[in-house]
Amino acid sequence: MLIHLLTIHPALCYGPLEEAILGRAREKGLLDIRVVNIRDFAPGRHQITDDYPYGGGVGLVMKPEPIFLAVEHAIRQGPYREVVPPEGLTGPPPGGRPRILLMDPAGRRFDQAYARELAQEEHLIFICGRYEGVDERVRLLVTDAVSIGDYVLTGGELPALVMIDAISRMVPGVLGDQQSAQDDSFATGLLEGPSYTRPPEFRGLRVPEVLLRGDHRAIARWRRKEALRRTRRLRPDLLLTAPLTEEDRQLLAEIEAEEGA
């Protein structure tokens with residue numbers, strides 16, 4: 001998978017992309033993540049990427065020219081080599097196009113299903129805005145406006161990195177054990193249940209006995225039940241949409257009986 005991250009602050013992005021799972025996946029060639037400095041495409045000695053909004057108002061707006069040029073540069077490096085026309089990407093060129101994502105509080109809410117969808121793409125381009133946002137004409141380039149939550153950040157870099165981390169976990173080979181991604185919270189529509197490791201007892205707190213007996217069927221049942229218990233307690237809304245089996249419903253009935261509700 002090829003990912004371009006377009007930003008005016010590249011240094012904010014390098015650390016998370018060079019360490020741990022993402023760093024190892026890049027070293028192995030499973031992910032090709034390229035940070036592009038939008039300023040490199042801004043004209044003039046000062047490489048200005050922002051200006052005051054027409055009509056007045058507080059703050060600055062990111063200019064369209066450098067972003068258009070940076071997106072065109074990213075497209076030329078990918079599998080879909082159509083150049084963005086001056087009026088923007090108003091339709092899919094022959095052979096397809098990359099997904100071009102703008103970090104935007106008014107966009108589609110990012111979740112695990114969305115991460116799984118984007119992980120199927122060959123090429124993703126993230127546009128990270130700053131200041132009061134981007135010139136409206138930039139939206140002609142965008143296939144996806146995306147929000148990671150209802151709060152305000154100083155720029156799009158952190159949301160983009162969050163998304164890249166979540167998406168990358170879905171790419172085959174990135175995790176040492178792909179089952180890990182399948183068992184993660186939200187991957188099955190539920191929160192993940194509790195986990196334990198050695199020692200079996202710490203300060204009087206014991207690991208549940210079922211995990212120590214080696215009965216894999218009993219362990220699987222316990223883990224599923226505890227995932228359901230935790231979801232019921234912390235995120236009961238997820239139970240309305242999770243793909244529950246008949247056994248899940250029996251486990252929920254047991255939980256309700258145990259907890260008296």
# chains A, B, ... in the order shown; residues from 1 in each chain; ligands from 1
$ select_by_dssp --residues "region 52-195 of chain A" --states "strand (DSSP E or B)" --output "list in words"
Val61, Met62, Arg99, Ile100, Leu101, Leu102, Met103, Asp104, Pro105, Ala106, Gly107, Arg108, Arg109, His123, Leu124, Ile125, Phe126, Ile127, Arg130, Val134, Asp144, Ala145, Val146, Ser147 and Gly155 of chain A
$ write_last_selection --atoms "C-alpha atoms" --output "short mmCIF file (atom, residue, chain, number, x, y, z; two decimals), in the first residue's frame"
data_model
loop_
_atom_site.label_atom_id
_atom_site.label_comp_id
_atom_site.auth_asym_id
_atom_site.auth_seq_id
_atom_site.Cartn_x
_atom_site.Cartn_y
_atom_site.Cartn_z
CA VAL A 61 -6.92 29.81 5.15
CA MET A 62 -4.62 27.39 3.33
CA ARG A 99 -8.61 7.87 -2.37
CA ILE A 100 -7.85 11.47 -1.42
CA LEU A 101 -8.78 12.19 2.19
CA LEU A 102 -9.22 15.59 3.80
CA MET A 103 -9.20 15.76 7.60
CA ASP A 104 -12.43 17.67 8.23
CA PRO A 105 -14.68 17.99 11.34
CA ALA A 106 -17.71 17.89 9.03
CA GLY A 107 -16.60 14.65 7.38
CA ARG A 108 -17.61 11.01 7.72
CA ARG A 109 -16.84 9.59 11.16
CA HIS A 123 -3.07 4.38 -2.79
CA LEU A 124 -4.24 6.83 -0.12
CA ILE A 125 -3.45 10.56 -0.06
CA PHE A 126 -4.07 12.46 3.20
CA ILE A 127 -4.42 16.26 3.09
CA ARG A 130 -4.13 23.95 9.35
CA VAL A 134 -8.41 24.89 3.35
CA ASP A 144 -13.38 11.48 1.39
CA ALA A 145 -13.79 14.18 4.06
CA VAL A 146 -13.09 12.43 7.37
CA SER A 147 -13.48 13.25 11.07
CA GLY A 155 -4.18 20.49 12.47
#
$ residues_around --residues "Ile167 (chain A)" --least-positions-apart "6" --cutoff "9 Å" --atoms "only C-alpha atoms" --output "JSON, numbers by chain"
{"A": [112, 114, 115, 116, 117, 118, 119]}
$ residues_around --residues "Ser195 (chain A)" --least-positions-apart "2" --cutoff "12 Å" --atoms "only C-alpha atoms" --output "ChimeraX atom specification"
/A:183-184,192-193,197-198,207-208,211,219,222-224,226-227
$ residues_around --residues "Ala70 (chain A)" --least-positions-apart "6" --cutoff "12 Å" --atoms "only C-alpha atoms" --output "list in words"
His4, Leu5, Leu6, Thr7, Ile8, Arg34, Val35, Val36, Asn37, Ile38, Arg39, Asp40, Phe41, Ala42, Thr49, Lys63, Pro64, Arg76, Gln77, Val83, Val84, Ile100, Ile125, Phe126, Ile127, Cys128, Val138 and Leu141 of chain A
$ select_by_dssp --residues "region 9-215 of chain A" --states "helix (DSSP H, G or I)" --output "VMD selection string"
chain A and resid 11 to 18 20 to 27 38 to 41 64 to 76 112 to 118 136 to 140 157 to 168 179 to 183 209 to 212
$ atom_distance --atom1 "CA of Leu161 (chain A)" --atom2 "CA of Thr231 (chain A)"
26.5 Å
$ residues_around --residues "Glu254 (chain A)" --least-positions-apart "6" --cutoff "10 Å" --atoms "only C-alpha atoms" --output "count of residues only"
4
